[in-house]
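Below is one structure, written out as structure tokens, with a few remarks after it.
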Amino acid sequence: MTDIVLTGVGGQGIVFASNLLATAAMNNGYKVKLTHRKGLAQRGGSVLSFVRIYQNTNVSPIIPFSKADLLLGFEVLESLRNINYVKSNGVAVINFRKIEPVNIKIGMHQYPSDDEIRRILNNSSIKYYLIDAREIALSTNNPRGENVALVGFAAGLELLPISKDALIEAIRTISPPKYAELNIRTLERAYQRAQEVK
């Protein structure tokens, strides 16, 4: 079984990425439980998705704390808030993108500095990769493709029980036609980058 937490803010394509993982996993013969939580309807609000990929035993749709194999973090602060879902020796792939929530914008709190972010991650018991998913997406002329870049990077690190071909097939199934080839290029570029750092 592979448990994946996806977290970020509304408007970052987290629901699409979750559906991509679920569709590809089913294409590879797995069963999937997929759950979205929190402010999905609110652009900029917190979003948390659980994808549980399994074969035989039935599972709850909710991933317990300290049980996720992988966290895909679309935004830094939301990633830090939800890092406790990842098990000891699990992995986080985090897009180093900062989107300030309302309480920071109005001065109630401060966004953590880069040093604080790395200190928090270094003090955790997980392995992590900080990536620039936006740069990867833009390098393939796909400014909306940060979500696909995160999935592709995780696939390139061989953290998913899903083949790259199954992900490409899933993109062709669920992407709007005008974005399908762009998303495939972004996935392949991210996959290649991850293979280089693995």
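A note on labels: chains of the structure tokens are A, B, ... as shown, every chain counts residues from 1, and ligands are counted from 1 in their shown order.
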Mind running stretch 38-115 of chain A against stretch 5-20 of chain A at 6 Å and telling me each contacting residue's nearest atom pair with the distance in Å (one decimal), counting only C-alpha atoms, chain and number ascending, as CSV?
```
residue,atom,partner,partner_atom,distance
A:Leu40,CA,A:Gly10,CA,5.9
A:Arg43,CA,A:Gly10,CA,4.4
A:Gly44,CA,A:Gly10,CA,4.5
A:Gly45,CA,A:Val9,CA,5.2
A:Ser46,CA,A:Val9,CA,4.6
A:Val47,CA,A:Val9,CA,5.1
A:Leu48,CA,A:Thr7,CA,4.6
A:Ser49,CA,A:Leu6,CA,5.0
A:Phe50,CA,A:Val5,CA,4.8
A:Leu71,CA,A:Val5,CA,4.7
A:Leu72,CA,A:Leu6,CA,4.7
A:Gly73,CA,A:Thr7,CA,5.2
A:Phe74,CA,A:Gly8,CA,4.7
A:Glu75,CA,A:Gly8,CA,4.9
A:Glu78,CA,A:Gly8,CA,5.3
```
Would you save the residues from that selection as a PDB file, in the first residue's frame, using N, CA, C and O atoms?
```pdb
ATOM      1  N   LEU A  40     -11.730  23.499  -0.280  1.00  0.00           N
ATOM      2  CA  LEU A  40     -11.636  23.322  -1.728  1.00  0.00           C
ATOM      3  C   LEU A  40     -12.337  24.418  -2.519  1.00  0.00           C
ATOM      4  O   LEU A  40     -11.880  24.808  -3.576  1.00  0.00           O
ATOM      5  N   ARG A  43     -10.702  29.740  -3.344  1.00  0.00           N
ATOM      6  CA  ARG A  43      -9.401  29.956  -3.983  1.00  0.00           C
ATOM      7  C   ARG A  43      -8.471  30.583  -2.950  1.00  0.00           C
ATOM      8  O   ARG A  43      -8.787  31.574  -2.318  1.00  0.00           O
ATOM      9  N   GLY A  44      -7.309  29.971  -2.755  1.00  0.00           N
ATOM     10  CA  GLY A  44      -6.357  30.468  -1.763  1.00  0.00           C
ATOM     11  C   GLY A  44      -6.521  29.826  -0.404  1.00  0.00           C
ATOM     12  O   GLY A  44      -5.684  30.007   0.465  1.00  0.00           O
ATOM     13  N   GLY A  45      -7.605  29.084  -0.176  1.00  0.00           N
ATOM     14  CA  GLY A  45      -7.793  28.389   1.094  1.00  0.00           C
ATOM     15  C   GLY A  45      -6.998  27.097   1.137  1.00  0.00           C
ATOM     16  O   GLY A  45      -6.551  26.572   0.113  1.00  0.00           O
ATOM     17  N   SER A  46      -6.811  26.557   2.346  1.00  0.00           N
ATOM     18  CA  SER A  46      -6.040  25.324   2.509  1.00  0.00           C
ATOM     19  C   SER A  46      -6.732  24.146   1.829  1.00  0.00           C
ATOM     20  O   SER A  46      -7.951  24.011   1.891  1.00  0.00           O
ATOM     21  N   VAL A  47      -5.926  23.305   1.185  1.00  0.00           N
ATOM     22  CA  VAL A  47      -6.430  22.095   0.544  1.00  0.00           C
ATOM     23  C   VAL A  47      -5.578  20.917   1.001  1.00  0.00           C
ATOM     24  O   VAL A  47      -4.348  21.020   1.066  1.00  0.00           O
ATOM     25  N   LEU A  48      -6.245  19.826   1.327  1.00  0.00           N
ATOM     26  CA  LEU A  48      -5.560  18.610   1.756  1.00  0.00           C
ATOM     27  C   LEU A  48      -6.253  17.436   1.070  1.00  0.00           C
ATOM     28  O   LEU A  48      -7.464  17.287   1.169  1.00  0.00           O
ATOM     29  N   SER A  49      -5.482  16.633   0.354  1.00  0.00           N
ATOM     30  CA  SER A  49      -6.034  15.459  -0.322  1.00  0.00           C
ATOM     31  C   SER A  49      -5.270  14.221   0.114  1.00  0.00           C
ATOM     32  O   SER A  49      -4.054  14.266   0.317  1.00  0.00           O
ATOM     33  N   PHE A  50      -6.006  13.120   0.232  1.00  0.00           N
ATOM     34  CA  PHE A  50      -5.410  11.828   0.566  1.00  0.00           C
ATOM     35  C   PHE A  50      -5.623  10.880  -0.607  1.00  0.00           C
ATOM     36  O   PHE A  50      -6.752  10.731  -1.098  1.00  0.00           O
ATOM     37  N   LEU A  71       4.555  12.938   0.908  1.00  0.00           N
ATOM     38  CA  LEU A  71       3.804  14.194   0.885  1.00  0.00           C
ATOM     39  C   LEU A  71       4.221  14.962  -0.360  1.00  0.00           C
ATOM     40  O   LEU A  71       5.422  15.151  -0.607  1.00  0.00           O
ATOM     41  N   LEU A  72       3.239  15.376  -1.148  1.00  0.00           N
ATOM     42  CA  LEU A  72       3.479  16.286  -2.256  1.00  0.00           C
ATOM     43  C   LEU A  72       3.005  17.659  -1.812  1.00  0.00           C
ATOM     44  O   LEU A  72       1.807  17.883  -1.634  1.00  0.00           O
ATOM     45  N   GLY A  73       3.943  18.549  -1.591  1.00  0.00           N
ATOM     46  CA  GLY A  73       3.635  19.867  -1.066  1.00  0.00           C
ATOM     47  C   GLY A  73       3.649  20.907  -2.177  1.00  0.00           C
ATOM     48  O   GLY A  73       4.682  21.156  -2.797  1.00  0.00           O
ATOM     49  N   PHE A  74       2.498  21.521  -2.414  1.00  0.00           N
ATOM     50  CA  PHE A  74       2.374  22.491  -3.496  1.00  0.00           C
ATOM     51  C   PHE A  74       2.771  23.893  -3.041  1.00  0.00           C
ATOM     52  O   PHE A  74       3.042  24.754  -3.856  1.00  0.00           O
ATOM     53  N   GLU A  75       2.769  24.110  -1.734  1.00  0.00           N
ATOM     54  CA  GLU A  75       3.100  25.424  -1.149  1.00  0.00           C
ATOM     55  C   GLU A  75       3.817  25.155   0.163  1.00  0.00           C
ATOM     56  O   GLU A  75       3.477  24.228   0.895  1.00  0.00           O
ATOM     57  N   GLU A  78       1.874  25.339   3.832  1.00  0.00           N
ATOM     58  CA  GLU A  78       0.925  24.233   3.960  1.00  0.00           C
ATOM     59  C   GLU A  78       1.652  22.889   4.091  1.00  0.00           C
ATOM     60  O   GLU A  78       1.192  21.990   4.796  1.00  0.00           O
TER      61      GLU A  78
END
```
Please identify the helix (DSSP H, G or I) residues within chain A (assignment by DSSP from backbone atoms) and present them as a VMD selection string.
chain A and resid 14 to 27 76 to 81 83 to 85 102 to 105 114 to 122 133 to 139 146 to 156 164 to 174 177 to 197
Can you pull out every residue within 12 Å of A:Ile117, counting only C-alpha atoms, but drop anything in the same chain fewer than 2 positions away, and send it as a list in words?
Glu75, Val76, Leu77, Glu78, Ser79, Leu80, Arg81, Ile83, Ile94, Phe96, Arg97, Lys98, Tyr111, Pro112, Ser113, Asp114, Asp115, Arg119, Ile120, Leu121, Asn122, Asn123, Ser124, Tyr128 and Leu130 of chain A
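The space between atom CA of A:Asn183 and atom CA of A:His36 spans 22.3 Å.
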Write out as a PDB file with N, CA, C and O atoms, in the first residue's frame which residues come within 9 Å of A:Asn84 when counting only C-alpha atoms, dropping same-chain ones fewer than 6 positions away.
```pdb
ATOM      1  N   PHE A  65      -2.239  10.304  10.978  1.00  0.00           N
ATOM      2  CA  PHE A  65      -0.962  10.989  11.199  1.00  0.00           C
ATOM      3  C   PHE A  65       0.175   9.970  11.261  1.00  0.00           C
ATOM      4  O   PHE A  65       0.003   8.850  11.754  1.00  0.00           O
ATOM      5  N   SER A  66       1.334  10.377  10.749  1.00  0.00           N
ATOM      6  CA  SER A  66       2.570   9.574  10.797  1.00  0.00           C
ATOM      7  C   SER A  66       2.475   8.277  10.008  1.00  0.00           C
ATOM      8  O   SER A  66       3.212   7.323  10.299  1.00  0.00           O
ATOM      9  N   LYS A  67       1.591   8.222   9.006  1.00  0.00           N
ATOM     10  CA  LYS A  67       1.444   6.996   8.220  1.00  0.00           C
ATOM     11  C   LYS A  67       1.691   7.189   6.722  1.00  0.00           C
ATOM     12  O   LYS A  67       1.838   6.208   5.994  1.00  0.00           O
ATOM     13  N   ALA A  68       1.734   8.416   6.245  1.00  0.00           N
ATOM     14  CA  ALA A  68       1.890   8.639   4.806  1.00  0.00           C
ATOM     15  C   ALA A  68       3.306   8.315   4.355  1.00  0.00           C
ATOM     16  O   ALA A  68       4.290   8.650   5.021  1.00  0.00           O
ATOM     17  N   SER A 124      12.941  17.134  11.220  1.00  0.00           N
ATOM     18  CA  SER A 124      11.956  16.067  11.082  1.00  0.00           C
ATOM     19  C   SER A 124      12.694  14.764  10.767  1.00  0.00           C
ATOM     20  O   SER A 124      13.893  14.755  10.497  1.00  0.00           O
TER      21      SER A 124
END
```
Mind checking which residues fall within 12 Å of A:Ala137, counting only C-alpha atoms, ignoring those fewer than 3 positions away in the same chain, and posting them as an NGL selection string?
:A and (95 or 131-134 or 140-153 or 182-191 or 193)
Pick out the residues sitting within 8 Å of A:Ile126, and hand them over as a VMD selection string; count only C-alpha atoms, and ignore anything fewer than 2 positions along from it in its own chain.
chain A and resid 86 to 92 121 124 128
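Comparing the minimum interatomic distances between A:Glu169 and each of A:Glu181, A:Glu196, A:Glu116, A:Asp69, counting only C-alpha atoms, we find that A:Glu181 sits nearest.
Proximity to A:Pro64 was assessed for A:Ile4, A:Val93, A:Ala25, A:Ala155 counting only C-alpha atoms; the smallest distance is recorded for A:Ile4.
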Polymer residues at most 12 Å from A:Lys33, only C-alpha atoms, same-chain spacing of 3 or more positions, as a list in words
Met1, Thr2, Asp3, Ile4, Val5, Ser18, Asn19, Leu21, Ala22, Thr23, Ala25, Met26, Tyr30, His36, Ser49, Phe50, Val51, Arg52, Ile53, Tyr54, Gln55, Thr57, Asn58, Val59, Ser60, Pro61, Ile62 and Ile63 of chain A
Once DSSP has gone over the backbone, tell me which residues of stretch 57-114 of chain A are in strand (DSSP E), as a PyMOL selection string.
chain A and resi 68-73+86-95
May I have the selected residues written with N, CA, C and O atoms, as a PDB file, in the first residue's frame?
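Below is the file selection33.pdb, written as the result:
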```pdb
ATOM      1  N   ALA A  68       1.734   8.416   6.245  1.00  0.00           N
ATOM      2  CA  ALA A  68       1.890   8.639   4.806  1.00  0.00           C
ATOM      3  C   ALA A  68       3.306   8.315   4.355  1.00  0.00           C
ATOM      4  O   ALA A  68       4.290   8.650   5.021  1.00  0.00           O
ATOM      5  N   ASP A  69       3.409   7.653   3.213  1.00  0.00           N
ATOM      6  CA  ASP A  69       4.712   7.368   2.617  1.00  0.00           C
ATOM      7  C   ASP A  69       5.301   8.606   1.949  1.00  0.00           C
ATOM      8  O   ASP A  69       6.520   8.788   1.904  1.00  0.00           O
ATOM      9  N   LEU A  70       4.418   9.451   1.424  1.00  0.00           N
ATOM     10  CA  LEU A  70       4.852  10.571   0.590  1.00  0.00           C
ATOM     11  C   LEU A  70       3.947  11.764   0.797  1.00  0.00           C
ATOM     12  O   LEU A  70       2.725  11.612   0.865  1.00  0.00           O
ATOM     13  N   LEU A  71       4.555  12.938   0.908  1.00  0.00           N
ATOM     14  CA  LEU A  71       3.804  14.194   0.885  1.00  0.00           C
ATOM     15  C   LEU A  71       4.221  14.962  -0.360  1.00  0.00           C
ATOM     16  O   LEU A  71       5.422  15.151  -0.607  1.00  0.00           O
ATOM     17  N   LEU A  72       3.239  15.376  -1.148  1.00  0.00           N
ATOM     18  CA  LEU A  72       3.479  16.286  -2.256  1.00  0.00           C
ATOM     19  C   LEU A  72       3.005  17.659  -1.812  1.00  0.00           C
ATOM     20  O   LEU A  72       1.807  17.883  -1.634  1.00  0.00           O
ATOM     21  N   GLY A  73       3.943  18.549  -1.591  1.00  0.00           N
ATOM     22  CA  GLY A  73       3.635  19.867  -1.066  1.00  0.00           C
ATOM     23  C   GLY A  73       3.649  20.907  -2.177  1.00  0.00           C
ATOM     24  O   GLY A  73       4.682  21.156  -2.797  1.00  0.00           O
ATOM     25  N   VAL A  86       3.452  12.518   7.525  1.00  0.00           N
ATOM     26  CA  VAL A  86       4.464  11.655   6.922  1.00  0.00           C
ATOM     27  C   VAL A  86       5.103  10.769   7.981  1.00  0.00           C
ATOM     28  O   VAL A  86       5.474  11.231   9.056  1.00  0.00           O
ATOM     29  N   LYS A  87       5.257   9.494   7.647  1.00  0.00           N
ATOM     30  CA  LYS A  87       5.848   8.554   8.595  1.00  0.00           C
ATOM     31  C   LYS A  87       7.355   8.787   8.707  1.00  0.00           C
ATOM     32  O   LYS A  87       7.970   9.421   7.837  1.00  0.00           O
ATOM     33  N   SER A  88       7.942   8.280   9.778  1.00  0.00           N
ATOM     34  CA  SER A  88       9.387   8.331   9.940  1.00  0.00           C
ATOM     35  C   SER A  88      10.033   7.648   8.739  1.00  0.00           C
ATOM     36  O   SER A  88       9.608   6.563   8.330  1.00  0.00           O
ATOM     37  N   ASN A  89      11.023   8.313   8.170  1.00  0.00           N
ATOM     38  CA  ASN A  89      11.710   7.840   6.961  1.00  0.00           C
ATOM     39  C   ASN A  89      10.849   7.924   5.706  1.00  0.00           C
ATOM     40  O   ASN A  89      11.222   7.366   4.667  1.00  0.00           O
ATOM     41  N   GLY A  90       9.683   8.593   5.788  1.00  0.00           N
ATOM     42  CA  GLY A  90       8.918   8.893   4.593  1.00  0.00           C
ATOM     43  C   GLY A  90       9.587  10.015   3.820  1.00  0.00           C
ATOM     44  O   GLY A  90      10.666  10.508   4.189  1.00  0.00           O
ATOM     45  N   VAL A  91       8.943  10.453   2.750  1.00  0.00           N
ATOM     46  CA  VAL A  91       9.548  11.444   1.854  1.00  0.00           C
ATOM     47  C   VAL A  91       8.550  12.571   1.579  1.00  0.00           C
ATOM     48  O   VAL A  91       7.348  12.330   1.440  1.00  0.00           O
ATOM     49  N   ALA A  92       9.085  13.794   1.500  1.00  0.00           N
ATOM     50  CA  ALA A  92       8.286  14.941   1.067  1.00  0.00           C
ATOM     51  C   ALA A  92       8.938  15.554  -0.170  1.00  0.00           C
ATOM     52  O   ALA A  92      10.155  15.763  -0.190  1.00  0.00           O
ATOM     53  N   VAL A  93       8.128  15.808  -1.184  1.00  0.00           N
ATOM     54  CA  VAL A  93       8.574  16.564  -2.361  1.00  0.00           C
ATOM     55  C   VAL A  93       7.799  17.875  -2.306  1.00  0.00           C
ATOM     56  O   VAL A  93       6.570  17.892  -2.433  1.00  0.00           O
ATOM     57  N   ILE A  94       8.536  18.971  -2.080  1.00  0.00           N
ATOM     58  CA  ILE A  94       7.890  20.255  -1.786  1.00  0.00           C
ATOM     59  C   ILE A  94       8.256  21.287  -2.841  1.00  0.00           C
ATOM     60  O   ILE A  94       9.437  21.540  -3.110  1.00  0.00           O
ATOM     61  N   ASN A  95       7.231  21.884  -3.419  1.00  0.00           N
ATOM     62  CA  ASN A  95       7.404  23.000  -4.330  1.00  0.00           C
ATOM     63  C   ASN A  95       7.768  24.235  -3.497  1.00  0.00           C
ATOM     64  O   ASN A  95       7.003  24.652  -2.632  1.00  0.00           O
TER      65      ASN A  95
END
```
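Minimum atom-to-atom distance to A:Lys198, evaluated using only C-alpha atoms, belongs to A:Glu158 out of A:Asp165, A:Ala170, A:Tyr179, A:Glu158.
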